[in-house]
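Undergrad: Take this structure, written in structure tokens, and hold onto it; I'll ask about it next.
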Amino acid sequence: MAAPAVDISVDPETGTWTTDGLPMLYVPRHFLMGLLRTVRDAIGAAAADAQFYAAGHEAAERWCAAQAERLGLSGIAVFHFYMQRLSERGWGMFDGSGIDPATGTGRVLLRHSAFVADAGITGTRVCAFCTGWAPGALAWVGRSQARNWRLRGEEVHCASEGHGICEILVTQQTDADGCDETAATRLPAGA
């Protein structure tokens with residue numbers, strides 16, 4: 001990837017960084033990864049992953065709404081712009097081309113994950129932090145098209161396990177999953 005086309009504006013009075021019309025923070029990757037590990041260690045992996053999923057889901061929805069309004073984008077184009085921006089911001093190289101625009105389901109591939117770069121090959125999945133991002137963005141897409149997509153994301157392969165890529169499977173949430181409608185959009189499988 002060439003240098004990203006991410007514009008950063010800095011308010012001279014407050015020092016606030018802004019990209020795509022939203023306030024941003026620029027922190028070293030090791031700081032954020034260390035913080036996430038500390039939270040997982042303190043409250044347990046399942047509880048931490050559920051909280052990270054919910055926060056990521058909500059953040060993706062908010063980002064998509066803001067960018068659709070700011071840029072006049074609509075539908076699945078907003079999701080693909082989100083995947084592009086995640087890639088340009090250093091999270092890894094996201095490929096959302098495996099998502100069906102009619103259902104919001106499919107596969108998101110992630111190469112060069114920042115989580116894997118930090119953890120290395122551990123034999124375990126380490127990208128749970130970002131599993132709520134695609135379903136959150138796609139939930140916004142569905143609502144913008146008057147579709148009630150109840151989606152969930154699950155990491156099914158991780159490069160940290162020795163796979164060449166990370167893969168997030170986005171599926172329809174069903175009532176059999178044991179979650180109410182609100183929780184269905186907030187919790188990963190098994191949480």
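Each chain in the structure tokens gets a letter, A, B, ..., in the order shown, and its residues are numbered from 1; ligands are numbered from 1 in order too.
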Would you return as an mmCIF file with N, CA and C atoms, in the first residue's frame the members of chain A that DSSP assigns to alpha helix (DSSP H) on this structure's backbone?
TA:
```
data_model
loop_
_atom_site.group_PDB
_atom_site.id
_atom_site.type_symbol
_atom_site.label_atom_id
_atom_site.label_comp_id
_atom_site.auth_asym_id
_atom_site.auth_seq_id
_atom_site.Cartn_x
_atom_site.Cartn_y
_atom_site.Cartn_z
ATOM 1 N N ARG A 29 1.282 1.405 18.831
ATOM 2 C CA ARG A 29 0.559 0.136 18.787
ATOM 3 C C ARG A 29 0.807 -0.665 20.062
ATOM 4 N N HIS A 30 2.045 -0.669 20.562
ATOM 5 C CA HIS A 30 2.339 -1.466 21.756
ATOM 6 C C HIS A 30 1.540 -0.994 22.970
ATOM 7 N N PHE A 31 1.225 0.294 23.033
ATOM 8 C CA PHE A 31 0.426 0.809 24.140
ATOM 9 C C PHE A 31 -0.986 0.228 24.084
ATOM 10 N N LEU A 32 -1.623 0.329 22.925
ATOM 11 C CA LEU A 32 -2.993 -0.171 22.792
ATOM 12 C C LEU A 32 -3.048 -1.683 22.995
ATOM 13 N N MET A 33 -2.140 -2.413 22.396
ATOM 14 C CA MET A 33 -2.140 -3.872 22.538
ATOM 15 C C MET A 33 -1.905 -4.276 23.991
ATOM 16 N N GLY A 34 -1.020 -3.565 24.668
ATOM 17 C CA GLY A 34 -0.782 -3.837 26.085
ATOM 18 C C GLY A 34 -2.017 -3.563 26.927
ATOM 19 N N LEU A 35 -2.735 -2.500 26.616
ATOM 20 C CA LEU A 35 -3.966 -2.172 27.325
ATOM 21 C C LEU A 35 -5.007 -3.278 27.129
ATOM 22 N N LEU A 36 -5.160 -3.729 25.893
ATOM 23 C CA LEU A 36 -6.133 -4.792 25.616
ATOM 24 C C LEU A 36 -5.770 -6.084 26.356
ATOM 25 N N ARG A 37 -4.484 -6.435 26.362
ATOM 26 C CA ARG A 37 -4.045 -7.636 27.086
ATOM 27 C C ARG A 37 -4.309 -7.496 28.584
ATOM 28 N N THR A 38 -4.054 -6.327 29.125
ATOM 29 C CA THR A 38 -4.276 -6.090 30.550
ATOM 30 C C THR A 38 -5.745 -6.270 30.908
ATOM 31 N N VAL A 39 -6.638 -5.745 30.080
ATOM 32 C CA VAL A 39 -8.077 -5.893 30.322
ATOM 33 C C VAL A 39 -8.468 -7.370 30.245
ATOM 34 N N ARG A 40 -7.996 -8.077 29.225
ATOM 35 C CA ARG A 40 -8.312 -9.516 29.095
ATOM 36 C C ARG A 40 -7.823 -10.290 30.313
ATOM 37 N N ASP A 41 -6.629 -9.976 30.773
ATOM 38 C CA ASP A 41 -6.091 -10.671 31.939
ATOM 39 C C ASP A 41 -6.903 -10.357 33.197
ATOM 40 N N ALA A 42 -7.369 -9.127 33.320
ATOM 41 C CA ALA A 42 -8.082 -8.702 34.528
ATOM 42 C C ALA A 42 -9.495 -9.275 34.614
ATOM 43 N N ILE A 43 -10.222 -9.314 33.482
ATOM 44 C CA ILE A 43 -11.634 -9.735 33.558
ATOM 45 C C ILE A 43 -11.895 -11.068 32.859
ATOM 46 N N ALA A 45 -10.884 -13.630 29.241
ATOM 47 C CA ALA A 45 -10.969 -13.492 27.787
ATOM 48 C C ALA A 45 -12.401 -13.371 27.297
ATOM 49 N N ALA A 46 -13.312 -14.215 27.795
ATOM 50 C CA ALA A 46 -14.690 -14.196 27.299
ATOM 51 C C ALA A 46 -15.367 -12.860 27.595
ATOM 52 N N ALA A 47 -15.215 -12.369 28.828
ATOM 53 C CA ALA A 47 -15.841 -11.095 29.193
ATOM 54 C C ALA A 47 -15.219 -9.940 28.410
ATOM 55 N N ALA A 48 -13.892 -9.947 28.288
ATOM 56 C CA ALA A 48 -13.223 -8.870 27.544
ATOM 57 C C ALA A 48 -13.640 -8.896 26.082
ATOM 58 N N ASP A 49 -13.643 -10.080 25.471
ATOM 59 C CA ASP A 49 -14.014 -10.171 24.053
ATOM 60 C C ASP A 49 -15.443 -9.697 23.821
ATOM 61 N N ALA A 50 -16.360 -10.016 24.733
ATOM 62 C CA ALA A 50 -17.744 -9.553 24.595
ATOM 63 C C ALA A 50 -17.816 -8.027 24.664
ATOM 64 N N GLN A 51 -17.048 -7.426 25.571
ATOM 65 C CA GLN A 51 -17.055 -5.970 25.691
ATOM 66 C C GLN A 51 -16.400 -5.307 24.478
ATOM 67 N N PHE A 52 -15.282 -5.858 24.020
ATOM 68 C CA PHE A 52 -14.611 -5.316 22.843
ATOM 69 C C PHE A 52 -15.518 -5.434 21.622
ATOM 70 N N TYR A 53 -16.209 -6.552 21.499
ATOM 71 C CA TYR A 53 -17.126 -6.765 20.376
ATOM 72 C C TYR A 53 -18.219 -5.690 20.385
ATOM 73 N N ALA A 54 -18.860 -5.510 21.532
ATOM 74 C CA ALA A 54 -19.941 -4.522 21.640
ATOM 75 C C ALA A 54 -19.449 -3.117 21.320
ATOM 76 N N ALA A 55 -18.293 -2.753 21.867
ATOM 77 C CA ALA A 55 -17.746 -1.417 21.621
ATOM 78 C C ALA A 55 -17.389 -1.241 20.148
ATOM 79 N N GLY A 56 -16.780 -2.262 19.547
ATOM 80 C CA GLY A 56 -16.416 -2.188 18.135
ATOM 81 C C GLY A 56 -17.629 -2.122 17.232
ATOM 82 N N HIS A 57 -18.652 -2.880 17.570
ATOM 83 C CA HIS A 57 -19.897 -2.878 16.798
ATOM 84 C C HIS A 57 -20.515 -1.487 16.800
ATOM 85 N N GLU A 58 -20.633 -0.916 17.985
ATOM 86 C CA GLU A 58 -21.225 0.422 18.108
ATOM 87 C C GLU A 58 -20.369 1.477 17.404
ATOM 88 N N ALA A 59 -19.059 1.397 17.568
ATOM 89 C CA ALA A 59 -18.167 2.375 16.936
ATOM 90 C C ALA A 59 -18.269 2.302 15.417
ATOM 91 N N ALA A 60 -18.364 1.101 14.863
ATOM 92 C CA ALA A 60 -18.485 0.944 13.414
ATOM 93 C C ALA A 60 -19.786 1.559 12.909
ATOM 94 N N GLU A 61 -20.862 1.327 13.631
ATOM 95 C CA GLU A 61 -22.145 1.923 13.242
ATOM 96 C C GLU A 61 -22.062 3.449 13.247
ATOM 97 N N ARG A 62 -21.490 4.010 14.288
ATOM 98 C CA ARG A 62 -21.375 5.468 14.392
ATOM 99 C C ARG A 62 -20.494 6.035 13.289
ATOM 100 N N TRP A 63 -19.374 5.353 12.997
ATOM 101 C CA TRP A 63 -18.466 5.809 11.954
ATOM 102 C C TRP A 63 -19.183 5.811 10.612
ATOM 103 N N CYS A 64 -19.899 4.738 10.301
ATOM 104 C CA CYS A 64 -20.596 4.646 9.014
ATOM 105 C C CYS A 64 -21.657 5.739 8.883
ATOM 106 N N ALA A 65 -22.401 5.976 9.935
ATOM 107 C CA ALA A 65 -23.420 7.030 9.892
ATOM 108 C C ALA A 65 -22.782 8.390 9.634
ATOM 109 N N ALA A 66 -21.685 8.676 10.320
ATOM 110 C CA ALA A 66 -21.007 9.963 10.159
ATOM 111 C C ALA A 66 -20.444 10.119 8.750
ATOM 112 N N GLN A 67 -19.831 9.067 8.212
ATOM 113 C CA GLN A 67 -19.218 9.174 6.881
ATOM 114 C C GLN A 67 -20.264 9.222 5.772
ATOM 115 N N ALA A 68 -21.356 8.503 5.949
ATOM 116 C CA ALA A 68 -22.426 8.558 4.949
ATOM 117 C C ALA A 68 -22.960 9.984 4.840
ATOM 118 N N GLU A 69 -23.162 10.605 5.988
ATOM 119 C CA GLU A 69 -23.660 11.986 5.991
ATOM 120 C C GLU A 69 -22.608 12.951 5.448
ATOM 121 N N ARG A 70 -21.377 12.789 5.872
ATOM 122 C CA ARG A 70 -20.305 13.709 5.482
ATOM 123 C C ARG A 70 -19.987 13.628 3.999
ATOM 124 N N LEU A 71 -19.974 12.413 3.438
ATOM 125 C CA LEU A 71 -19.530 12.211 2.060
ATOM 126 C C LEU A 71 -20.659 11.927 1.075
ATOM 127 N N ILE A 76 -23.723 -0.332 0.589
ATOM 128 C CA ILE A 76 -22.518 -1.138 0.797
ATOM 129 C C ILE A 76 -21.238 -0.330 0.540
ATOM 130 N N ALA A 77 -21.333 0.767 -0.189
ATOM 131 C CA ALA A 77 -20.161 1.617 -0.430
ATOM 132 C C ALA A 77 -19.601 2.158 0.891
ATOM 133 N N VAL A 78 -20.474 2.398 1.863
ATOM 134 C CA VAL A 78 -20.025 2.887 3.168
ATOM 135 C C VAL A 78 -19.210 1.800 3.864
ATOM 136 N N PHE A 79 -19.667 0.572 3.804
ATOM 137 C CA PHE A 79 -18.936 -0.554 4.392
ATOM 138 C C PHE A 79 -17.547 -0.685 3.762
ATOM 139 N N HIS A 80 -17.484 -0.628 2.437
ATOM 140 C CA HIS A 80 -16.186 -0.780 1.772
ATOM 141 C C HIS A 80 -15.243 0.393 2.087
ATOM 142 N N PHE A 81 -15.793 1.589 2.233
ATOM 143 C CA PHE A 81 -14.973 2.722 2.640
ATOM 144 C C PHE A 81 -14.443 2.498 4.060
ATOM 145 N N TYR A 82 -15.257 1.932 4.921
ATOM 146 C CA TYR A 82 -14.826 1.606 6.279
ATOM 147 C C TYR A 82 -13.677 0.595 6.255
ATOM 148 N N MET A 83 -13.800 -0.436 5.454
ATOM 149 C CA MET A 83 -12.722 -1.427 5.336
ATOM 150 C C MET A 83 -11.429 -0.764 4.840
ATOM 151 N N GLN A 84 -11.573 0.154 3.893
ATOM 152 C CA GLN A 84 -10.412 0.886 3.367
ATOM 153 C C GLN A 84 -9.760 1.707 4.467
ATOM 154 N N ARG A 85 -10.579 2.424 5.227
ATOM 155 C CA ARG A 85 -10.021 3.285 6.273
ATOM 156 C C ARG A 85 -9.372 2.475 7.391
ATOM 157 N N LEU A 86 -9.950 1.342 7.760
ATOM 158 C CA LEU A 86 -9.303 0.492 8.758
ATOM 159 C C LEU A 86 -7.927 0.073 8.268
ATOM 160 N N SER A 87 -7.845 -0.261 6.992
ATOM 161 C CA SER A 87 -6.568 -0.669 6.401
ATOM 162 C C SER A 87 -5.575 0.480 6.407
ATOM 163 N N GLU A 88 -6.030 1.666 6.081
ATOM 164 C CA GLU A 88 -5.143 2.831 6.014
ATOM 165 C C GLU A 88 -4.701 3.320 7.389
ATOM 166 N N ALA A 114 -2.649 -6.171 12.910
ATOM 167 C CA ALA A 114 -1.858 -5.537 13.959
ATOM 168 C C ALA A 114 -1.830 -6.412 15.216
ATOM 169 N N PHE A 115 -2.906 -7.142 15.453
ATOM 170 C CA PHE A 115 -2.975 -8.015 16.630
ATOM 171 C C PHE A 115 -1.995 -9.180 16.492
ATOM 172 N N VAL A 116 -1.907 -9.739 15.289
ATOM 173 C CA VAL A 116 -0.969 -10.830 15.029
ATOM 174 C C VAL A 116 0.463 -10.295 15.045
ATOM 175 N N ALA A 117 0.670 -9.122 14.490
ATOM 176 C CA ALA A 117 2.010 -8.526 14.506
ATOM 177 C C ALA A 117 2.502 -8.348 15.936
ATOM 178 N N ASP A 118 1.581 -8.021 16.842
ATOM 179 C CA ASP A 118 1.949 -7.837 18.237
ATOM 180 C C ASP A 118 2.158 -9.175 18.946
ATOM 181 N N ALA A 119 1.249 -10.122 18.746
ATOM 182 C CA ALA A 119 1.279 -11.382 19.492
ATOM 183 C C ALA A 119 2.228 -12.413 18.902
ATOM 184 N N TRP A 133 -16.499 -5.161 14.219
ATOM 185 C CA TRP A 133 -16.434 -4.039 13.280
ATOM 186 C C TRP A 133 -17.263 -4.274 12.024
ATOM 187 N N ALA A 134 -17.064 -5.386 11.339
ATOM 188 C CA ALA A 134 -17.807 -5.647 10.090
ATOM 189 C C ALA A 134 -19.303 -5.776 10.356
ATOM 190 N N PRO A 135 -19.744 -6.576 11.354
ATOM 191 C CA PRO A 135 -21.183 -6.653 11.591
ATOM 192 C C PRO A 135 -21.791 -5.306 11.988
ATOM 193 N N GLY A 136 -21.038 -4.492 12.725
ATOM 194 C CA GLY A 136 -21.549 -3.164 13.085
ATOM 195 C C GLY A 136 -21.731 -2.281 11.872
ATOM 196 N N ALA A 137 -20.722 -2.263 11.004
ATOM 197 C CA ALA A 137 -20.826 -1.466 9.773
ATOM 198 C C ALA A 137 -21.954 -1.981 8.890
ATOM 199 N N LEU A 138 -22.070 -3.296 8.792
ATOM 200 C CA LEU A 138 -23.105 -3.880 7.944
ATOM 201 C C LEU A 138 -24.499 -3.708 8.542
ATOM 202 N N ALA A 139 -24.611 -3.683 9.860
ATOM 203 C CA ALA A 139 -25.901 -3.395 10.494
ATOM 204 C C ALA A 139 -26.365 -1.999 10.096
ATOM 205 N N TRP A 140 -25.418 -1.046 10.066
ATOM 206 C CA TRP A 140 -25.771 0.298 9.631
ATOM 207 C C TRP A 140 -26.235 0.275 8.165
ATOM 208 N N VAL A 141 -25.505 -0.453 7.316
ATOM 209 C CA VAL A 141 -25.889 -0.567 5.900
ATOM 210 C C VAL A 141 -27.302 -1.114 5.801
ATOM 211 N N GLY A 142 -27.589 -2.184 6.517
ATOM 212 C CA GLY A 142 -28.925 -2.781 6.471
ATOM 213 C C GLY A 142 -30.003 -1.799 6.885
ATOM 214 N N ARG A 143 -29.805 -1.107 8.006
ATOM 215 C CA ARG A 143 -30.802 -0.126 8.456
ATOM 216 C C ARG A 143 -30.986 0.990 7.442
ATOM 217 N N SER A 144 -29.890 1.403 6.804
ATOM 218 C CA SER A 144 -29.991 2.492 5.826
ATOM 219 C C SER A 144 -30.800 2.066 4.604
ATOM 220 N N GLU A 181 -32.865 -9.638 20.610
ATOM 221 C CA GLU A 181 -32.491 -8.919 19.388
ATOM 222 C C GLU A 181 -31.384 -7.908 19.631
ATOM 223 N N THR A 182 -31.439 -7.167 20.726
ATOM 224 C CA THR A 182 -30.400 -6.178 20.986
ATOM 225 C C THR A 182 -29.070 -6.864 21.244
ATOM 226 N N ALA A 183 -29.078 -7.873 22.085
ATOM 227 C CA ALA A 183 -27.834 -8.567 22.391
ATOM 228 C C ALA A 183 -27.289 -9.279 21.158
ATOM 229 N N ALA A 184 -28.166 -9.688 20.262
ATOM 230 C CA ALA A 184 -27.715 -10.412 19.072
ATOM 231 C C ALA A 184 -26.799 -9.558 18.227
#
```
Undergrad: Hey, what's within 10 Å of Glu155 (chain A) if we count only C-alpha atoms and toss same-chain stuff fewer than 5 positions away? As a VMD selection string, please?
TA: chain A and resid 107 to 109 125 to 132 166 to 170 188 to 189
Undergrad: Could you save the residues just selected, with N, CA and C atoms, as a PDB file, in the first residue's frame?
TA:
```pdb
ATOM      1  N   ARG A 107     -17.647 -13.222   4.194  1.00  0.00           N
ATOM      2  CA  ARG A 107     -16.333 -13.287   4.830  1.00  0.00           C
ATOM      3  C   ARG A 107     -15.560 -11.981   4.637  1.00  0.00           C
ATOM      4  N   VAL A 108     -14.903 -11.582   5.703  1.00  0.00           N
ATOM      5  CA  VAL A 108     -13.962 -10.468   5.662  1.00  0.00           C
ATOM      6  C   VAL A 108     -12.585 -11.067   5.927  1.00  0.00           C
ATOM      7  N   LEU A 109     -11.657 -10.795   5.035  1.00  0.00           N
ATOM      8  CA  LEU A 109     -10.298 -11.285   5.191  1.00  0.00           C
ATOM      9  C   LEU A 109      -9.425 -10.171   5.751  1.00  0.00           C
ATOM     10  N   ARG A 125      -6.289 -17.735  18.460  1.00  0.00           N
ATOM     11  CA  ARG A 125      -6.837 -16.576  17.750  1.00  0.00           C
ATOM     12  C   ARG A 125      -6.649 -15.332  18.608  1.00  0.00           C
ATOM     13  N   VAL A 126      -6.165 -14.262  17.983  1.00  0.00           N
ATOM     14  CA  VAL A 126      -5.857 -13.046  18.744  1.00  0.00           C
ATOM     15  C   VAL A 126      -6.578 -11.801  18.221  1.00  0.00           C
ATOM     16  N   CYS A 127      -7.432 -11.955  17.209  1.00  0.00           N
ATOM     17  CA  CYS A 127      -8.063 -10.790  16.569  1.00  0.00           C
ATOM     18  C   CYS A 127      -9.508 -10.560  17.001  1.00  0.00           C
ATOM     19  N   ALA A 128      -9.905 -11.107  18.149  1.00  0.00           N
ATOM     20  CA  ALA A 128     -11.288 -10.962  18.609  1.00  0.00           C
ATOM     21  C   ALA A 128     -11.692  -9.497  18.752  1.00  0.00           C
ATOM     22  N   PHE A 129     -10.731  -8.631  19.045  1.00  0.00           N
ATOM     23  CA  PHE A 129     -11.033  -7.209  19.236  1.00  0.00           C
ATOM     24  C   PHE A 129     -11.771  -6.621  18.038  1.00  0.00           C
ATOM     25  N   CYS A 130     -11.468  -7.087  16.833  1.00  0.00           N
ATOM     26  CA  CYS A 130     -12.062  -6.455  15.641  1.00  0.00           C
ATOM     27  C   CYS A 130     -13.244  -7.228  15.050  1.00  0.00           C
ATOM     28  N   THR A 131     -13.736  -8.266  15.728  1.00  0.00           N
ATOM     29  CA  THR A 131     -14.825  -9.061  15.145  1.00  0.00           C
ATOM     30  C   THR A 131     -16.165  -8.339  15.106  1.00  0.00           C
ATOM     31  N   GLY A 132     -16.360  -7.307  15.885  1.00  0.00           N
ATOM     32  CA  GLY A 132     -17.617  -6.554  15.862  1.00  0.00           C
ATOM     33  C   GLY A 132     -17.652  -5.461  14.808  1.00  0.00           C
ATOM     34  N   CYS A 166      -6.229 -13.909   8.509  1.00  0.00           N
ATOM     35  CA  CYS A 166      -7.311 -13.964   9.484  1.00  0.00           C
ATOM     36  C   CYS A 166      -8.613 -13.876   8.692  1.00  0.00           C
ATOM     37  N   GLU A 167      -9.633 -14.541   9.182  1.00  0.00           N
ATOM     38  CA  GLU A 167     -10.913 -14.542   8.483  1.00  0.00           C
ATOM     39  C   GLU A 167     -12.031 -14.355   9.492  1.00  0.00           C
ATOM     40  N   ILE A 168     -12.891 -13.381   9.220  1.00  0.00           N
ATOM     41  CA  ILE A 168     -14.053 -13.112  10.063  1.00  0.00           C
ATOM     42  C   ILE A 168     -15.289 -13.500   9.261  1.00  0.00           C
ATOM     43  N   LEU A 169     -16.067 -14.394   9.815  1.00  0.00           N
ATOM     44  CA  LEU A 169     -17.301 -14.848   9.180  1.00  0.00           C
ATOM     45  C   LEU A 169     -18.450 -14.024   9.737  1.00  0.00           C
ATOM     46  N   VAL A 170     -19.217 -13.398   8.846  1.00  0.00           N
ATOM     47  CA  VAL A 170     -20.384 -12.615   9.246  1.00  0.00           C
ATOM     48  C   VAL A 170     -21.620 -13.409   8.839  1.00  0.00           C
ATOM     49  N   PRO A 188     -20.566 -11.664  20.356  1.00  0.00           N
ATOM     50  CA  PRO A 188     -20.079 -12.687  19.441  1.00  0.00           C
ATOM     51  C   PRO A 188     -20.639 -14.043  19.834  1.00  0.00           C
ATOM     52  N   ALA A 189     -20.535 -14.985  18.933  1.00  0.00           N
ATOM     53  CA  ALA A 189     -20.976 -16.345  19.220  1.00  0.00           C
ATOM     54  C   ALA A 189     -20.261 -16.863  20.451  1.00  0.00           C
TER      55      ALA A 189
END
```
Undergrad: Ranking A:Ser74, A:Gln145, A:Ala2, A:Leu110 by minimum distance to Gly98 (chain A) and counting only C-alpha atoms, which one comes first?
TA: A:Leu110
Undergrad: What are the DSSP strand (DSSP E) residues of region 55-130 of chain A, as number ranges by chain?
TA: A: 93-99, 106-111
Undergrad: Expressed in Å to a single decimal, how great is the separation between CA of Thr105 (chain A) and CA of Gly123 (chain A)?
TA: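 These two atoms are separated by 26.9 Å.
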